[in-house]
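Here is the file coords_36.cif (mmCIF, C-alpha atoms).
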data_structure
loop_
_atom_site.label_atom_id
_atom_site.label_comp_id
_atom_site.auth_asym_id
_atom_site.auth_seq_id
_atom_site.Cartn_x
_atom_site.Cartn_y
_atom_site.Cartn_z
CA MET A 1 13.93 187.92 96.39
CA GLU A 2 13.01 184.74 94.58
CA GLN A 3 11.55 184.27 91.14
CA THR A 4 9.33 181.20 91.26
CA VAL A 5 6.62 179.34 89.40
CA ARG A 6 3.82 178.26 91.68
CA ALA A 7 1.25 175.62 90.94
CA ARG A 8 -1.21 173.41 92.70
CA GLY A 9 -0.42 169.72 92.76
CA ILE A 10 -1.90 166.31 93.49
CA VAL A 11 -0.07 163.15 94.50
CA LYS A 12 -0.67 160.43 91.90
CA PRO A 13 0.71 156.91 91.32
CA ALA A 14 3.23 156.57 88.52
CA PRO A 15 2.03 154.45 85.56
CA ASN A 16 4.01 151.45 86.81
CA ALA A 17 3.16 151.96 90.49
CA LEU A 18 -0.23 150.24 90.28
CA LEU A 19 -0.13 146.49 89.81
CA ARG A 20 -3.36 144.64 89.04
CA VAL A 21 -3.06 141.01 90.12
CA GLY A 22 -5.33 138.01 89.71
CA PHE A 23 -5.27 134.24 89.53
CA PRO A 24 -3.35 132.91 86.45
CA MET A 25 -5.95 130.24 85.80
CA PRO A 26 -6.37 128.15 82.63
CA LYS A 27 -8.49 129.67 79.89
CA ASP A 28 -12.28 129.59 80.35
CA VAL A 29 -11.98 128.29 83.94
CA SER A 30 -13.85 129.97 86.78
CA ARG A 31 -13.47 129.17 90.46
CA ARG A 32 -14.91 130.54 93.64
CA ILE A 33 -12.79 132.68 95.94
CA GLY A 34 -12.71 130.72 99.16
CA PHE A 35 -10.49 133.05 101.16
CA LEU A 36 -9.66 136.75 100.86
CA SER A 37 -7.24 138.07 103.46
CA VAL A 38 -6.89 141.77 102.57
CA VAL A 39 -8.92 144.95 102.38
CA GLU A 40 -8.13 148.36 100.94
CA GLY A 41 -5.27 150.05 102.78
CA ASP A 42 -3.58 146.88 104.05
CA VAL A 43 0.21 146.86 103.85
CA VAL A 44 1.56 143.62 102.40
CA LYS A 45 4.97 142.07 101.87
CA ALA A 46 6.13 140.17 98.82
CA SER A 47 4.84 136.55 98.89
CA ASP A 48 2.08 137.33 101.43
CA VAL A 49 -1.15 135.42 100.67
CA LEU A 50 -3.81 137.78 99.33
CA ALA A 51 -6.53 135.32 98.38
CA GLU A 52 -7.13 131.62 97.76
CA LEU A 53 -9.52 129.73 95.52
CA ASP A 54 -11.55 126.67 96.47
CA HIS A 55 -9.57 123.73 95.09
CA GLU A 56 -10.75 120.62 96.95
CA ASP A 57 -11.45 118.90 93.62
CA LEU A 58 -7.86 119.53 92.53
CA GLN A 59 -6.56 118.13 95.81
CA ALA A 60 -8.69 114.99 95.35
CA SER A 61 -7.47 114.55 91.77
CA LEU A 62 -3.90 115.04 92.94
CA ARG A 63 -4.27 112.35 95.61
CA GLN A 64 -5.75 109.89 93.09
CA LEU A 65 -3.10 110.56 90.46
CA THR A 66 -0.34 110.34 93.05
CA ALA A 67 -1.59 106.95 94.24
CA GLU A 68 -1.76 105.67 90.65
CA ALA A 69 1.70 106.97 89.88
CA GLN A 70 3.11 105.39 93.05
CA PHE A 71 1.60 102.02 92.08
CA VAL A 72 3.21 102.21 88.64
CA GLU A 73 6.50 103.30 90.22
CA ARG A 74 6.45 100.24 92.48
CA GLN A 75 5.79 98.02 89.46
CA LEU A 76 8.64 99.67 87.62
CA ASP A 77 10.98 99.30 90.59
CA ALA A 78 10.06 95.60 90.87
CA LEU A 79 10.72 95.02 87.18
CA ARG A 80 14.06 96.76 87.35
CA ALA A 81 14.99 94.76 90.44
CA LEU A 82 13.99 91.37 88.94
CA GLU A 83 15.40 91.94 85.47
CA PRO A 84 19.10 91.37 86.32
CA SER A 85 18.48 88.09 88.19
CA ASP A 86 16.17 86.68 85.51
CA VAL A 87 18.61 87.65 82.77
CA ARG A 88 21.49 86.07 84.69
CA ALA A 89 19.45 82.87 85.12
CA GLY A 90 18.76 82.82 81.39
CA GLU A 91 22.43 83.45 80.62
CA ALA A 92 23.43 80.60 82.98
CA ALA A 93 20.97 78.22 81.29
CA LEU A 94 22.37 79.24 77.91
CA ALA A 95 25.94 78.68 79.12
CA GLU A 96 25.00 75.24 80.45
CA ALA A 97 23.31 74.32 77.16
CA LYS A 98 26.36 75.48 75.22
CA ALA A 99 28.67 73.41 77.42
CA GLN A 100 26.51 70.34 76.83
CA MET A 101 26.46 71.05 73.09
CA ASP A 102 30.23 71.52 73.00
CA PHE A 103 30.71 68.24 74.93
CA ALA A 104 28.39 66.39 72.55
CA GLN A 105 30.27 67.89 69.58
CA ARG A 106 33.66 66.76 70.94
CA ASN A 107 32.30 63.25 71.60
CA MET A 108 30.99 63.16 68.07
CA ASP A 109 34.34 64.32 66.73
CA ARG A 110 36.11 61.44 68.58
CA LEU A 111 33.64 58.77 67.36
CA ASP A 112 33.55 59.88 63.77
CA PRO A 113 36.92 58.34 62.68
CA LEU A 114 36.32 55.24 64.80
CA PHE A 115 32.90 54.70 63.27
CA LYS A 116 34.28 55.16 59.74
CA GLN A 117 36.90 52.47 60.53
CA SER A 118 34.12 50.20 61.89
CA ILE A 119 35.75 50.26 65.30
CA ALA A 120 32.85 52.02 67.06
CA PRO A 121 29.53 50.18 66.92
CA GLN A 122 26.46 51.65 65.18
CA GLN A 123 24.56 51.95 68.42
CA THR A 124 27.26 54.11 69.99
CA TRP A 125 27.35 56.29 66.88
CA ASP A 126 23.59 56.72 66.86
CA ALA A 127 23.61 57.66 70.54
CA ALA A 128 26.30 60.29 69.90
CA VAL A 129 24.36 61.76 66.96
CA ASN A 130 21.22 61.92 69.09
CA ASP A 131 23.05 63.52 72.04
CA LEU A 132 24.48 66.23 69.76
CA ALA A 133 21.10 66.98 68.22
CA VAL A 134 19.45 67.20 71.65
CA ALA A 135 22.25 69.49 72.94
CA LYS A 136 21.89 71.81 69.93
CA ALA A 137 18.12 71.99 70.46
CA ARG A 138 18.55 72.77 74.13
CA HIS A 139 21.08 75.47 73.26
CA ALA A 140 18.74 77.03 70.71
CA ARG A 141 15.87 76.89 73.21
CA ALA A 142 18.07 78.56 75.88
CA GLU A 143 18.97 81.34 73.44
CA ILE A 144 15.30 81.92 72.63
CA THR A 145 14.36 81.83 76.31
CA LEU A 146 17.03 84.43 77.19
CA GLU A 147 15.96 86.72 74.38
CA ASN A 148 12.32 86.37 75.46
CA VAL A 149 13.26 87.31 79.03
CA ARG A 150 15.12 90.38 77.83
CA ALA A 151 12.32 91.36 75.42
CA ARG A 152 9.65 90.86 78.10
CA TYR A 153 11.44 93.10 80.56
CA ARG A 154 12.09 95.73 77.89
CA THR A 155 8.41 95.72 77.00
CA ASP A 156 7.14 95.70 80.58
CA ILE A 157 9.53 98.47 81.67
CA ALA A 158 8.71 100.58 78.61
CA THR A 159 4.97 100.06 79.24
CA ALA A 160 5.32 101.08 82.89
CA GLU A 161 7.41 104.13 81.95
CA ALA A 162 4.83 105.07 79.33
CA LYS A 163 2.12 104.93 82.01
CA LEU A 164 4.23 106.85 84.51
CA ALA A 165 5.16 109.76 82.22
CA PRO A 166 1.60 111.08 81.63
CA ALA A 167 0.71 110.44 85.27
CA ARG A 168 3.63 112.60 86.38
CA ALA A 169 2.68 115.23 83.79
CA SER A 170 -0.89 115.29 85.11
CA ILE A 171 0.38 115.57 88.68
CA GLY A 172 2.61 118.47 87.66
CA SER A 173 -0.29 120.19 85.91
CA ILE A 174 -2.56 119.88 88.95
CA GLU A 175 0.21 121.04 91.28
CA VAL A 176 0.62 124.13 89.10
CA GLN A 177 -3.13 124.77 89.23
CA ILE A 178 -3.09 124.43 93.01
CA ARG A 179 -0.22 126.93 93.19
CA TRP A 180 -2.22 129.21 90.93
CA SER A 181 -5.12 128.91 93.37
CA VAL A 182 -3.09 130.80 95.98
CA LEU A 183 -2.65 134.47 95.07
CA ARG A 184 0.50 135.96 96.60
CA SER A 185 1.70 139.54 96.54
CA PRO A 186 4.52 140.01 94.01
CA ILE A 187 5.77 143.20 95.71
CA ASP A 188 6.04 145.02 99.00
CA GLY A 189 3.20 147.50 98.82
CA GLN A 190 -0.27 148.55 99.85
CA VAL A 191 -3.67 147.27 98.77
CA PHE A 192 -4.99 150.10 96.61
CA ALA A 193 -8.28 148.47 95.60
CA VAL A 194 -10.11 145.15 96.02
CA HIS A 195 -12.14 144.29 92.94
CA GLN A 196 -13.61 140.90 93.95
CA ARG A 197 -14.91 139.54 97.22
CA GLN A 198 -14.84 136.24 99.05
CA GLY A 199 -17.40 133.84 97.61
CA GLU A 200 -17.43 135.38 94.13
CA LEU A 201 -16.43 133.52 90.98
CA THR A 202 -13.20 134.65 89.41
CA SER A 203 -11.58 133.97 86.05
CA ASN A 204 -8.38 134.68 84.19
CA GLN A 205 -9.79 137.55 82.16
CA PRO A 206 -7.44 140.59 82.09
CA GLN A 207 -10.27 142.92 83.07
CA SER A 208 -11.02 140.87 86.20
CA PRO A 209 -8.13 141.30 88.65
CA VAL A 210 -8.75 140.44 92.27
CA VAL A 211 -6.78 143.32 93.81
CA THR A 212 -4.70 146.29 92.73
CA LEU A 213 -1.47 146.87 94.65
CA LEU A 214 0.29 150.19 95.02
CA ASP A 215 4.05 150.50 95.18
CA PRO A 216 4.50 153.37 97.68
CA ASP A 217 7.83 154.28 96.09
CA GLY A 218 5.98 154.93 92.85
CA LEU A 219 3.98 157.94 94.05
CA GLN A 220 4.72 161.22 92.27
CA LEU A 221 3.55 164.81 92.44
CA HIS A 222 1.57 166.10 89.47
CA MET A 223 1.99 169.87 89.13
CA TYR A 224 -0.66 171.73 87.15
CA VAL A 225 1.30 174.61 85.63
CA ASP A 226 -0.52 177.64 84.23
CA GLU A 227 0.10 178.19 80.52
CA ALA A 228 1.67 181.58 81.32
CA ASP A 229 4.42 179.77 83.26
CA PHE A 230 4.79 176.72 81.02
CA SER A 231 7.82 178.05 79.12
CA ARG A 232 9.66 178.77 82.40
CA ILE A 233 9.83 175.18 83.66
CA GLN A 234 12.15 172.45 82.40
CA ILE A 235 12.90 168.82 83.05
CA GLY A 236 15.55 168.49 85.74
CA GLN A 237 14.50 171.55 87.76
CA ARG A 238 14.06 171.14 91.50
CA ALA A 239 10.59 171.67 92.92
CA GLY A 240 9.46 172.18 96.50
CA PHE A 241 5.96 171.68 97.82
CA ARG A 242 3.84 171.53 100.95
CA LEU A 243 1.12 168.98 101.50
CA ASP A 244 -2.11 169.92 103.20
CA ALA A 245 -1.64 166.76 105.28
CA HIS A 246 1.83 167.90 106.46
CA PRO A 247 1.70 171.71 106.55
CA ASP A 248 4.79 171.92 108.75
CA LYS A 249 7.03 170.08 106.28
CA THR A 250 8.55 171.21 103.01
CA LEU A 251 9.10 168.35 100.56
CA ALA A 252 11.19 168.41 97.43
CA GLY A 253 11.81 166.56 94.21
CA LYS A 254 12.86 166.89 90.58
CA ILE A 255 10.77 167.46 87.48
CA VAL A 256 11.14 164.28 85.40
CA ARG A 257 8.46 164.71 82.76
CA ILE A 258 6.39 167.49 81.19
CA LEU A 259 3.34 166.34 79.31
CA PRO A 260 2.54 168.16 76.06
CA GLN A 261 -1.23 167.71 76.27
CA PRO A 262 -3.05 170.77 77.67
CA MET A 263 -5.80 170.47 80.27
CA LEU A 264 -8.67 172.93 80.50
CA GLN A 265 -10.01 173.55 84.00
CA GLU A 266 -12.39 176.40 84.79
CA ASN A 267 -11.48 178.05 81.48
CA VAL A 268 -7.77 178.05 82.38
CA VAL A 269 -5.23 176.05 80.39
CA TYR A 270 -2.76 173.99 82.43
CA TYR A 271 0.12 171.69 81.55
CA LEU A 272 1.16 168.75 83.68
CA ALA A 273 4.66 168.50 85.12
CA VAL A 274 5.56 165.28 86.95
CA VAL A 275 7.83 165.57 90.00
CA ASP A 276 9.76 162.57 91.31
CA VAL A 277 9.84 163.14 95.07
CA ASP A 278 13.08 162.58 96.99
CA ALA A 279 13.32 159.00 98.24
CA ASP A 280 13.61 159.88 101.93
CA GLN A 281 10.30 161.79 101.79
CA LYS A 282 8.14 159.35 99.82
CA SER A 283 6.87 157.72 103.00
CA LEU A 284 4.86 160.91 103.67
CA LEU A 285 2.93 160.63 100.41
CA ARG A 286 -0.52 159.18 99.95
CA SER A 287 -2.43 159.01 96.70
CA GLU A 288 -4.65 162.05 95.95
CA MET A 289 -3.04 164.32 98.57
CA THR A 290 -3.17 167.96 97.51
CA ALA A 291 -0.17 170.26 97.55
CA LEU A 292 1.04 173.75 96.77
CA ALA A 293 4.22 173.46 94.73
CA TYR A 294 6.80 175.93 93.51
CA VAL A 295 9.84 175.90 91.25
CA GLN A 296 12.54 178.43 92.12
CA LEU A 297 13.88 179.91 88.89
CA ASP A 298 16.29 182.49 90.29
CA ALA A 299 17.10 184.46 93.46
CA ARG A 300 18.62 187.85 94.24
CA GLU A 301 20.11 189.12 97.47
CA GLY A 302 19.81 192.70 98.77
CA VAL A 303 16.76 193.52 96.65
CA LEU A 304 14.89 196.80 97.32
CA ARG A 305 11.21 195.98 97.24
CA LEU A 306 7.75 197.29 98.09
CA PRO A 307 4.36 195.74 98.63
CA LEU A 308 2.41 195.40 95.38
CA SER A 309 -0.27 197.74 96.71
CA ALA A 310 2.26 200.61 96.96
CA VAL A 311 3.13 200.63 93.23
CA LYS A 312 0.75 202.23 90.71
CA SER A 313 0.76 202.42 86.93
CA ARG A 314 0.03 205.16 84.41
CA SER A 315 0.54 205.70 80.72
CA ASP A 316 4.19 206.63 81.03
CA GLY A 317 5.15 203.85 83.48
CA TRP A 318 5.13 203.06 87.19
CA TYR A 319 5.12 205.42 90.15
CA VAL A 320 4.76 205.50 93.93
CA LEU A 321 3.46 208.10 96.39
CA ARG A 322 6.60 209.07 98.29
CA ILE A 323 6.34 211.18 101.43
CA ASN A 324 9.00 213.86 101.75
CA ALA A 325 8.84 216.38 104.62
CA GLY A 326 5.17 215.66 105.05
CA VAL A 327 4.42 216.21 101.35
CA THR A 328 3.18 213.38 99.09
CA ILE A 329 5.06 213.30 95.79
CA GLU A 330 4.38 211.09 92.76
CA THR A 331 7.75 209.49 92.16
CA PRO A 332 8.45 207.47 88.95
CA VAL A 333 10.08 204.09 89.58
CA GLN A 334 11.48 201.27 87.48
CA ILE A 335 10.31 197.86 88.65
CA GLY A 336 11.83 194.40 88.23
CA TRP A 337 10.72 191.07 89.61
CA ARG A 338 7.30 190.56 91.08
CA ASP A 339 5.74 187.82 93.17
CA GLU A 340 2.38 187.41 94.92
CA THR A 341 3.05 190.08 97.54
CA SER A 342 5.89 192.39 96.50
CA VAL A 343 7.70 194.00 93.60
CA GLU A 344 11.39 194.84 93.05
CA ILE A 345 12.28 198.54 92.80
CA ARG A 346 15.30 198.99 90.57
CA GLU A 347 15.37 202.80 90.24
CA GLY A 348 13.57 205.82 91.76
CA LEU A 349 13.79 205.00 95.47
CA LYS A 350 16.39 204.24 98.05
CA GLU A 351 16.25 202.19 101.21
CA GLY A 352 14.51 204.11 104.01
CA ASP A 353 12.19 206.11 101.80
CA THR A 354 8.58 206.29 102.97
CA VAL A 355 5.75 205.59 100.52
CA LEU A 356 2.02 205.26 100.82
CA ARG A 357 0.13 202.07 100.21
CA ALA A 358 -3.05 202.13 98.24
CA PRO A 359 -6.04 202.83 100.45
#
Represent the structure of the file as structure tokens.
Amino acid sequence: MEQTVRARGIVKPAPNALLRVGFPMPKDVSRRIGFLSVVEGDVVKASDVLAELDHEDLQASLRQLTAEAQFVERQLDALRALEPSDVRAGEAALAEAKAQMDFAQRNMDRLDPLFKQSIAPQQTWDAAVNDLAVAKARHARAEITLENVRARYRTDIATAEAKLAPARASIGSIEVQIRWSVLRSPIDGQVFAVHQRQGELTSNQPQSPVVTLLDPDGLQLHMYVDEADFSRIQIGQRAGFRLDAHPDKTLAGKIVRILPQPMLQENVVYYLAVVDVDADQKSLLRSEMTALAYVQLDAREGVLRLPLSAVKSRSDGWYVLRINAGVTIETPVQIGWRDETSVEIREGLKEGDTVLRAP
């Protein structure tokens, strides 16, 4: 004989089993749903497309920005390709000017003592002075020219890079918005509810998801335990139950949570016990299925028992109508466990005795 707590139950999603998903759009932006691929009950895999927004304007902006960025990139590539050759040309011109200046300086150094001794004529001296001055001027001009080349390329490259950076940032932003325009399932699950339809405007408001997904592994059994049995159940106890949808199967699980808040239904107080169903049986569950559940508290073997209708009560205890040699005798008994149909007889009868049921 088993001592059990019985309760009706309903299959419910766990708090984290329902996932409301929508488009992660920028604030205060609304777009029209151009494509919706699911309806309630559809089974989806992670990354499956659920819906898609109209985003032709974003595609057009992306093409324009991409073309502009590519033009700037070509300019930047050209500058970077030309810079080394132009700098080398400037450096060569500077080296040539320096060689001419050094030659003019050496010529001047040779003429200087000869001119002071009046050996070199004035005209030769004047020509040497002029050649040195011209060589120094050309050297200075070559230095300035080289620095200008370097400065121009630095400026032009920096300007092109400054144009390219925001263009790339804008491209990245639009690409993100386009990705946001495609709503994909984050989990393997089932479409529990569809809140918006194709052609409707959607936004990023938290109260406006497009669909709600159900994680089938997150379904649990909610047992509504009568207050008279509340003290007899505990977290960790095993519970069995039968679903109306699968009357030939007995499912099982473990009590994982007992809620302290009472619920009043038809003037009866119930407490909610949550049962986590065994993993290999969760595929049989569907939300809102009804069940008859029980928690086995104890069991006894070899119990002497009678139908409930055969045991009667009076002021001094319990008795049965035992038949002995054709005579009906009121026989006191001591009872033990009871369930919906029978009662344990601890004393007063033995196996094989005949008793009357209530008429």
Note to self: With all atoms listed in the file as the counted atoms, please give the residues lying no more than 9 Å from Asp229 of chain A, apart from itself and same-chain residues fewer than 4 positions off, as a ChimeraX atom specification.
What the structure shows: /A:5-6,225,233
Dump as an mmCIF file, keeping the file's coordinate frame, selection limited to C-alpha atoms:
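Listing of out-v1.cif after writing:
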data_model
loop_
_atom_site.group_PDB
_atom_site.id
_atom_site.type_symbol
_atom_site.label_atom_id
_atom_site.label_comp_id
_atom_site.auth_asym_id
_atom_site.auth_seq_id
_atom_site.Cartn_x
_atom_site.Cartn_y
_atom_site.Cartn_z
ATOM 1 C CA VAL A 5 6.620 179.340 89.400
ATOM 2 C CA ARG A 6 3.820 178.260 91.680
ATOM 3 C CA VAL A 225 1.300 174.610 85.630
ATOM 4 C CA ILE A 233 9.830 175.180 83.660
#
Margin query: Expand the PyMOL selection byres ((chain A and resi 353) around 12) into the explicit residue set it covers here, and present it as a PyMOL selection string.
Written below: chain A and resi 304-306+320-325+328-329+331+345+348-352+354-356
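For the residues A:Glu56, A:Glu83, A:Asp280, A:Glu266, ranking by smallest atom-to-atom distance to Val149 of chain A using all atoms listed in the file places A:Glu83 first.
Atom pair atom CA of Arg31 of chain A / atom CA of Ala165 of chain A: separated by 28.1 Å.
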Next item on the list: Would you mind listing what lies within 12 Å of Ser61 of chain A as JSON, numbers by chain, with only C-alpha atoms counted and same-chain residues fewer than 5 positions away left out?
Entry: {"A": [55, 56, 66, 67, 68, 167, 170, 171, 172, 173, 174, 175, 177, 178]}
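Note that atom CA of Pro13 of chain A and atom CA of Leu214 of chain A are 7.7 Å apart.
The residue that comes closest to Lys136 of chain A, out of A:Lys98, A:Arg238, A:Lys312, A:Lys116 and on the basis of all atoms listed in the file, is A:Lys98.
We find atom CA of Gly34 of chain A and atom CA of Gln198 of chain A to be spaced 5.9 Å apart.
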Next item on the list: Name the residues within 8 Å of (-4.1, 175.8, 77.9), counting all atoms listed in the file in the file's coordinates, and put them as a PyMOL selection string.
Entry: chain A and resi 226-227+262-264+268-271
Give me the result of the PyMOL selection byres ((chain A and resi 183) around 12) on this file, residue by residue, as a PDB file with C-alpha atoms, in the coordinates of the input.
ATOM      1  CA  ARG A  20      -3.360 144.640  89.040  1.00  0.00           C
ATOM      2  CA  VAL A  21      -3.060 141.010  90.120  1.00  0.00           C
ATOM      3  CA  GLY A  22      -5.330 138.010  89.710  1.00  0.00           C
ATOM      4  CA  PHE A  23      -5.270 134.240  89.530  1.00  0.00           C
ATOM      5  CA  PRO A  24      -3.350 132.910  86.450  1.00  0.00           C
ATOM      6  CA  MET A  25      -5.950 130.240  85.800  1.00  0.00           C
ATOM      7  CA  ILE A  33     -12.790 132.680  95.940  1.00  0.00           C
ATOM      8  CA  GLY A  34     -12.710 130.720  99.160  1.00  0.00           C
ATOM      9  CA  PHE A  35     -10.490 133.050 101.160  1.00  0.00           C
ATOM     10  CA  LEU A  36      -9.660 136.750 100.860  1.00  0.00           C
ATOM     11  CA  SER A  37      -7.240 138.070 103.460  1.00  0.00           C
ATOM     12  CA  VAL A  38      -6.890 141.770 102.570  1.00  0.00           C
ATOM     13  CA  ALA A  46       6.130 140.170  98.820  1.00  0.00           C
ATOM     14  CA  SER A  47       4.840 136.550  98.890  1.00  0.00           C
ATOM     15  CA  ASP A  48       2.080 137.330 101.430  1.00  0.00           C
ATOM     16  CA  VAL A  49      -1.150 135.420 100.670  1.00  0.00           C
ATOM     17  CA  LEU A  50      -3.810 137.780  99.330  1.00  0.00           C
ATOM     18  CA  ALA A  51      -6.530 135.320  98.380  1.00  0.00           C
ATOM     19  CA  GLU A  52      -7.130 131.620  97.760  1.00  0.00           C
ATOM     20  CA  LEU A  53      -9.520 129.730  95.520  1.00  0.00           C
ATOM     21  CA  ASP A  54     -11.550 126.670  96.470  1.00  0.00           C
ATOM     22  CA  GLN A 177      -3.130 124.770  89.230  1.00  0.00           C
ATOM     23  CA  ILE A 178      -3.090 124.430  93.010  1.00  0.00           C
ATOM     24  CA  ARG A 179      -0.220 126.930  93.190  1.00  0.00           C
ATOM     25  CA  TRP A 180      -2.220 129.210  90.930  1.00  0.00           C
ATOM     26  CA  SER A 181      -5.120 128.910  93.370  1.00  0.00           C
ATOM     27  CA  VAL A 182      -3.090 130.800  95.980  1.00  0.00           C
ATOM     28  CA  ARG A 184       0.500 135.960  96.600  1.00  0.00           C
ATOM     29  CA  SER A 185       1.700 139.540  96.540  1.00  0.00           C
ATOM     30  CA  PRO A 186       4.520 140.010  94.010  1.00  0.00           C
ATOM     31  CA  THR A 202     -13.200 134.650  89.410  1.00  0.00           C
ATOM     32  CA  PRO A 209      -8.130 141.300  88.650  1.00  0.00           C
ATOM     33  CA  VAL A 210      -8.750 140.440  92.270  1.00  0.00           C
ATOM     34  CA  VAL A 211      -6.780 143.320  93.810  1.00  0.00           C
TER      35      VAL A 211
END
Any chance you could work out the residue set of the PyMOL selection byres ((chain A and resi 337-343) around 12) here, as a CSV table (one decimal) with C-alpha atoms, in the frame of the given file?
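Printed below is part31.csv as written:
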chain,number,residue,atom,x,y,z
A,1,MET,CA,13.9,187.9,96.4
A,2,GLU,CA,13.0,184.7,94.6
A,3,GLN,CA,11.6,184.3,91.1
A,4,THR,CA,9.3,181.2,91.3
A,5,VAL,CA,6.6,179.3,89.4
A,6,ARG,CA,3.8,178.3,91.7
A,294,TYR,CA,6.8,175.9,93.5
A,296,GLN,CA,12.5,178.4,92.1
A,297,LEU,CA,13.9,179.9,88.9
A,298,ASP,CA,16.3,182.5,90.3
A,299,ALA,CA,17.1,184.5,93.5
A,300,ARG,CA,18.6,187.8,94.2
A,303,VAL,CA,16.8,193.5,96.6
A,304,LEU,CA,14.9,196.8,97.3
A,305,ARG,CA,11.2,196.0,97.2
A,306,LEU,CA,7.8,197.3,98.1
A,307,PRO,CA,4.4,195.7,98.6
A,308,LEU,CA,2.4,195.4,95.4
A,309,SER,CA,-0.3,197.7,96.7
A,310,ALA,CA,2.3,200.6,97.0
A,311,VAL,CA,3.1,200.6,93.2
A,312,LYS,CA,0.8,202.2,90.7
A,318,TRP,CA,5.1,203.1,87.2
A,320,VAL,CA,4.8,205.5,93.9
A,333,VAL,CA,10.1,204.1,89.6
A,334,GLN,CA,11.5,201.3,87.5
A,335,ILE,CA,10.3,197.9,88.6
A,336,GLY,CA,11.8,194.4,88.2
A,344,GLU,CA,11.4,194.8,93.0
A,345,ILE,CA,12.3,198.5,92.8
A,346,ARG,CA,15.3,199.0,90.6
A,357,ARG,CA,0.1,202.1,100.2
Next item on the list: Using only C-alpha atoms, find the one residue out of A:Ala97, A:Leu259, A:Arg168, A:Asp126 that sits nearest to Gln64 of chain A.
Entry: A:Arg168
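Ranking A:Leu19, A:Val129, A:Ala273, A:Leu146 by their shortest atom-to-atom distance to Pro84 of chain A, with only C-alpha atoms included, puts A:Leu146 first.
In this comparison, which uses all atoms listed in the file, the residue of A:Ala142, A:Leu221, A:Val43, A:Val327 approaching Glu288 of chain A most closely is A:Leu221.
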Item checked: Neighbour list for Asp112 of chain A as a list in words, cut-off 12 Å, only C-alpha atoms, skip fewer than 5 positions in-chain -> Gln105, Arg106, Asn107, Gln117, Ser118, Ile119, Ala120, Pro121, Gln122, Thr124, Trp125, Asp126, Ala128 and Val129 of chain A
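Distances to Asn16 of chain A were evaluated for A:Thr212, A:Gln281, A:Ala239, A:Leu79 using only C-alpha atoms, and the minimum falls at A:Thr212.
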Checklist line | Residue contacts of Ala160 of chain A (7 Å, all atoms listed in the file) excluding same-chain residues fewer than 3 positions away, as a PyMOL selection string | finding: chain A and resi 72+76+156-157+163-164
Notebook entry, point to check: What's the 12 Å shell around Thr250 of chain A, counting only C-alpha atoms, without same-chain residues fewer than 4 positions away, as a PyMOL selection string?
Noted result: chain A and resi 239-246+277-278+281+284+291-294
